[in-house]
Amino acid sequence: MNIVALISGRGSNLEAIIKGINEKKIKGKISLVISNKKNARGLQIASNYGIKSKFLDPSLHTTRESYDLELIETIKKENPDLIVLAGYMRVLTDSFIDAFKNRIINIHPSLIPAFQGLKAQKQALEFGVKFTGCTVHFVTKELDSGPIIIQAVVPITPEDNEETISEKILHYEHRIYPQAIKWISDNRVIQKKRQVIVKNAKYGCIPVNPELEDF
Ligand code: GRF
């Protein structure tokens, strides 16, 4: 399975995925990492692991549409089976979603459909929910709303702040994202409209549903 990853920052999820590949759990390779931020730490991570990477400069484009057209052309050359958004902080245009239909996945630091958009951990704390978590989902034209592959639940305590809860969520992000990609690489993920089923996975589990197998 050929993967292209899009990032904007730290790249900790990217690194968790690379490790899953290097440990031969995920049957695939990342052929290209693209960042919309020049100094994204994730670009350094890609290069540390010998993965090709590219900074695509948004300031060279006057519209989001024209930036995404360059993005589409760049990605198409890699002929990817899967596009992984790993902390990519730009909203994708409809043209992009159409170009790679059902082949784009994202990780979001909340139990969607709660707390979509930016600063999901802060939103959860301010709302006062007692559980939050993270979600791996297919990307559709509606932001942070696509069909859900796997979710992990994280309890919130009165002592938590944005930093501590983000850390607890990140611990699960680094497990559910590689796991979802492994399942896709093993051809176990079936999507019927909004319903995503992982074949032979164990459902009905807490804190991660379906249950983690490899991470
Ligand atoms: C993660 O919290 C992810 O859920 C969100 O952006 C953050 C990216 O972190 N979409 P990193 O760049 O993978 O470290």
# chains A, B, ... in the order shown; residues from 1 in each chain; ligands from 1

call {"tool": "select_by_dssp", "arguments": {"residues": "range 83-180 of chain A", "states": "helix (DSSP H, G or I)", "output": "number ranges by chain"}}
result
A: 94-99, 120-127, 162-180

call {"tool": "residues_near_ligand", "arguments": {"ligand": "ligand 1", "cutoff": "6 Å", "atoms": "only C-alpha atoms and all ligand atoms", "output": "PDB file with C-alpha atoms, in the first residue's frame"}}
result
ATOM      1  CA  GLY A   9       3.561  20.527  12.437  1.00  0.00           C
ATOM      2  CA  ARG A  10       5.055  18.275  15.071  1.00  0.00           C
ATOM      3  CA  GLY A  11       4.596  15.012  13.176  1.00  0.00           C
ATOM      4  CA  SER A  12       4.212  12.710  16.173  1.00  0.00           C
ATOM      5  CA  ASN A  13       1.412  10.750  14.486  1.00  0.00           C
ATOM      6  CA  LEU A  14       3.519  10.549  11.327  1.00  0.00           C
ATOM      7  CA  ALA A  86      -1.457  13.706  10.195  1.00  0.00           C
ATOM      8  CA  GLY A  87      -2.006  17.069  11.821  1.00  0.00           C
ATOM      9  CA  ILE A 107      -7.224  11.745  13.039  1.00  0.00           C
ATOM     10  CA  HIS A 108      -9.135  14.166  15.218  1.00  0.00           C
ATOM     11  CA  PRO A 109      -8.553  14.703  18.961  1.00  0.00           C
TER      12      PRO A 109
END

call {"tool": "atom_distance", "arguments": {"atom1": "CA of Lys182 in chain A", "atom2": "CA of Phe55 in chain A"}}
result
26.5 Å

call {"tool": "closest_residue", "arguments": {"among": "A:Asp144, A:Lys76, A:Asn36, A:Gly20", "to": "His61 in chain A", "atoms": "only C-alpha atoms"}}
result
A:Asn36

call {"tool": "residues_around", "arguments": {"residues": "Thr157 in chain A", "least_positions_apart": "3", "cutoff": "12 Å", "atoms": "only C-alpha atoms", "output": "compact mmCIF listing (two decimals) with all heavy atoms, in the first residue's frame"}}
result
# COMPACT_ATOMS: atom_id res chain seq x y z
N ALA A 124 -13.50 20.55 24.64
CA ALA A 124 -14.05 19.50 25.51
C ALA A 124 -13.94 19.93 26.98
O ALA A 124 -14.91 19.79 27.75
CB ALA A 124 -13.32 18.18 25.28
N LEU A 125 -12.79 20.48 27.37
CA LEU A 125 -12.60 20.93 28.75
C LEU A 125 -13.59 22.04 29.09
O LEU A 125 -14.23 22.02 30.15
CB LEU A 125 -11.19 21.47 28.94
CG LEU A 125 -10.07 20.46 29.12
CD1 LEU A 125 -8.73 21.18 29.16
CD2 LEU A 125 -10.27 19.63 30.39
N GLY A 128 -17.05 20.89 29.61
CA GLY A 128 -17.22 20.15 30.86
C GLY A 128 -17.60 18.69 30.68
O GLY A 128 -18.09 18.05 31.63
N VAL A 129 -17.38 18.12 29.50
CA VAL A 129 -17.67 16.69 29.32
C VAL A 129 -16.75 15.87 30.21
O VAL A 129 -15.67 16.33 30.59
CB VAL A 129 -17.52 16.24 27.83
CG1 VAL A 129 -18.60 16.84 26.95
CG2 VAL A 129 -16.13 16.58 27.29
N LYS A 130 -17.20 14.69 30.55
CA LYS A 130 -16.42 13.83 31.44
C LYS A 130 -15.61 12.80 30.66
O LYS A 130 -14.74 12.13 31.22
CB LYS A 130 -17.35 13.13 32.45
CG LYS A 130 -18.10 14.13 33.32
CD LYS A 130 -17.14 14.97 34.19
CE LYS A 130 -17.88 16.08 34.93
NZ LYS A 130 -17.65 17.41 34.32
N PHE A 131 -15.93 12.64 29.41
CA PHE A 131 -15.13 11.80 28.52
C PHE A 131 -14.85 12.56 27.23
O PHE A 131 -15.75 13.22 26.70
CB PHE A 131 -15.87 10.51 28.13
CG PHE A 131 -16.00 9.51 29.24
CD1 PHE A 131 -17.20 9.37 29.92
CD2 PHE A 131 -14.93 8.69 29.59
CE1 PHE A 131 -17.33 8.43 30.94
CE2 PHE A 131 -15.06 7.75 30.59
CZ PHE A 131 -16.26 7.62 31.28
N THR A 132 -13.62 12.44 26.75
CA THR A 132 -13.34 12.87 25.38
C THR A 132 -12.51 11.75 24.75
O THR A 132 -12.63 10.60 25.17
CB THR A 132 -12.68 14.27 25.34
OG1 THR A 132 -12.53 14.65 23.98
CG2 THR A 132 -11.36 14.31 26.07
N VAL A 154 -11.20 8.81 26.52
CA VAL A 154 -10.28 9.25 27.58
C VAL A 154 -11.09 10.03 28.61
O VAL A 154 -11.77 11.00 28.26
CB VAL A 154 -9.17 10.16 26.98
CG1 VAL A 154 -8.29 10.75 28.07
CG2 VAL A 154 -8.32 9.41 25.96
N ASP A 160 -7.39 18.01 35.22
CA ASP A 160 -6.88 18.12 33.85
C ASP A 160 -6.88 19.55 33.34
O ASP A 160 -7.75 20.36 33.67
CB ASP A 160 -7.74 17.27 32.89
CG ASP A 160 -7.22 15.84 32.80
OD1 ASP A 160 -5.99 15.65 32.77
OD2 ASP A 160 -8.06 14.92 32.76
N ASN A 161 -5.86 19.86 32.54
CA ASN A 161 -5.85 21.11 31.77
C ASN A 161 -5.61 20.73 30.32
O ASN A 161 -5.46 19.54 30.00
CB ASN A 161 -4.79 22.08 32.30
CG ASN A 161 -3.41 21.42 32.34
OD1 ASN A 161 -3.02 20.74 31.40
ND2 ASN A 161 -2.68 21.62 33.43
N GLU A 162 -5.55 21.75 29.44
CA GLU A 162 -5.45 21.46 28.01
C GLU A 162 -4.24 20.57 27.70
O GLU A 162 -4.31 19.66 26.89
CB GLU A 162 -5.35 22.79 27.24
CG GLU A 162 -5.67 22.64 25.78
CD GLU A 162 -5.53 23.96 25.03
OE1 GLU A 162 -5.63 25.04 25.66
OE2 GLU A 162 -5.33 23.91 23.81
N THR A 164 -2.53 18.44 29.81
CA THR A 164 -2.58 17.05 30.30
C THR A 164 -3.57 16.22 29.49
O THR A 164 -3.28 15.06 29.15
CB THR A 164 -2.96 16.98 31.80
OG1 THR A 164 -4.25 17.58 31.97
CG2 THR A 164 -1.94 17.70 32.65
N ILE A 165 -4.69 16.81 29.15
CA ILE A 165 -5.69 16.02 28.41
C ILE A 165 -5.18 15.75 26.98
O ILE A 165 -5.38 14.65 26.45
CB ILE A 165 -7.10 16.66 28.47
CG1 ILE A 165 -8.17 15.62 28.12
CG2 ILE A 165 -7.26 17.86 27.58
CD1 ILE A 165 -8.28 14.50 29.10
N LYS A 168 -2.85 12.81 27.19
CA LYS A 168 -3.55 11.53 27.37
C LYS A 168 -4.19 11.09 26.05
O LYS A 168 -4.20 9.91 25.72
CB LYS A 168 -4.62 11.64 28.45
CG LYS A 168 -4.06 11.79 29.85
CD LYS A 168 -5.20 11.94 30.86
CE LYS A 168 -4.70 12.53 32.17
NZ LYS A 168 -5.80 12.84 33.10

call {"tool": "residues_around", "arguments": {"residues": "Ser110 in chain A", "least_positions_apart": "6", "cutoff": "10 Å", "atoms": "only C-alpha atoms", "output": "number ranges by chain"}}
result
A: 116-117, 119-121, 123-124, 131-136, 144, 151-154, 166, 169

call {"tool": "select_by_dssp", "arguments": {"residues": "range 21-175 of chain A", "states": "strand (DSSP E or B)", "output": "PyMOL selection string"}}
result
chain A and resi 29-35+53-55+82-85+104-108+131-138+148-155

call {"tool": "residues_around", "arguments": {"residues": "Lys29 in chain A", "least_positions_apart": "4", "cutoff": "8 Å", "atoms": "only C-alpha atoms", "output": "list in words"}}
result
Met1, Asn2, Ile3 and Ile21 of chain A

call {"tool": "write_last_selection", "arguments": {"atoms": "all heavy atoms", "output": "short mmCIF file (atom, residue, chain, number, x, y, z; two decimals), in the first residue's frame"}}
result
data_model
loop_
_atom_site.label_atom_id
_atom_site.label_comp_id
_atom_site.auth_asym_id
_atom_site.auth_seq_id
_atom_site.Cartn_x
_atom_site.Cartn_y
_atom_site.Cartn_z
N MET A 1 0.84 -1.19 0.00
CA MET A 1 0.00 0.00 0.00
C MET A 1 0.89 1.25 0.00
O MET A 1 1.76 1.40 0.83
CB MET A 1 -0.89 0.00 1.26
CG MET A 1 -1.91 1.11 1.27
SD MET A 1 -3.08 0.98 2.64
CE MET A 1 -2.03 1.36 4.02
N ASN A 2 0.61 2.09 -0.94
CA ASN A 2 1.41 3.31 -1.10
C ASN A 2 0.71 4.49 -0.41
O ASN A 2 -0.44 4.79 -0.72
CB ASN A 2 1.57 3.57 -2.60
CG ASN A 2 2.71 4.49 -2.88
OD1 ASN A 2 3.52 4.75 -2.00
ND2 ASN A 2 2.77 4.99 -4.09
N ILE A 3 1.42 5.13 0.50
CA ILE A 3 0.81 6.18 1.32
C ILE A 3 1.47 7.54 1.06
O ILE A 3 2.70 7.62 0.94
CB ILE A 3 0.98 5.83 2.83
CG1 ILE A 3 0.31 4.50 3.16
CG2 ILE A 3 0.44 6.96 3.72
CD1 ILE A 3 0.68 3.95 4.54
N ILE A 21 5.21 0.90 10.19
CA ILE A 21 5.68 0.37 8.90
C ILE A 21 7.03 -0.33 9.09
O ILE A 21 7.23 -1.46 8.64
CB ILE A 21 5.79 1.49 7.85
CG1 ILE A 21 4.39 2.01 7.49
CG2 ILE A 21 6.52 1.00 6.59
CD1 ILE A 21 4.37 3.27 6.62
#

call {"tool": "residues_around", "arguments": {"residues": "Phe100 in chain A", "least_positions_apart": "2", "cutoff": "12 Å", "atoms": "only C-alpha atoms", "output": "PyMOL selection string"}}
result
chain A and resi 4+71-73+75-76+79-84+92-98+102-105+138-141

call {"tool": "atom_distance", "arguments": {"atom1": "CA of Gln195 in chain A", "atom2": "CA of Ala99 in chain A"}}
result
21.8 Å

call {"tool": "residues_around", "arguments": {"residues": "Ala46 in chain A", "least_positions_apart": "4", "cutoff": "12 Å", "atoms": "only C-alpha atoms", "output": "PyMOL selection string"}}
result
chain A and resi 4-7+9-19+30-35+40-42+50-55

call {"tool": "atom_distance", "arguments": {"atom1": "CA of Ile112 in chain A", "atom2": "CA of Lys202 in chain A"}}
result
20.7 Å
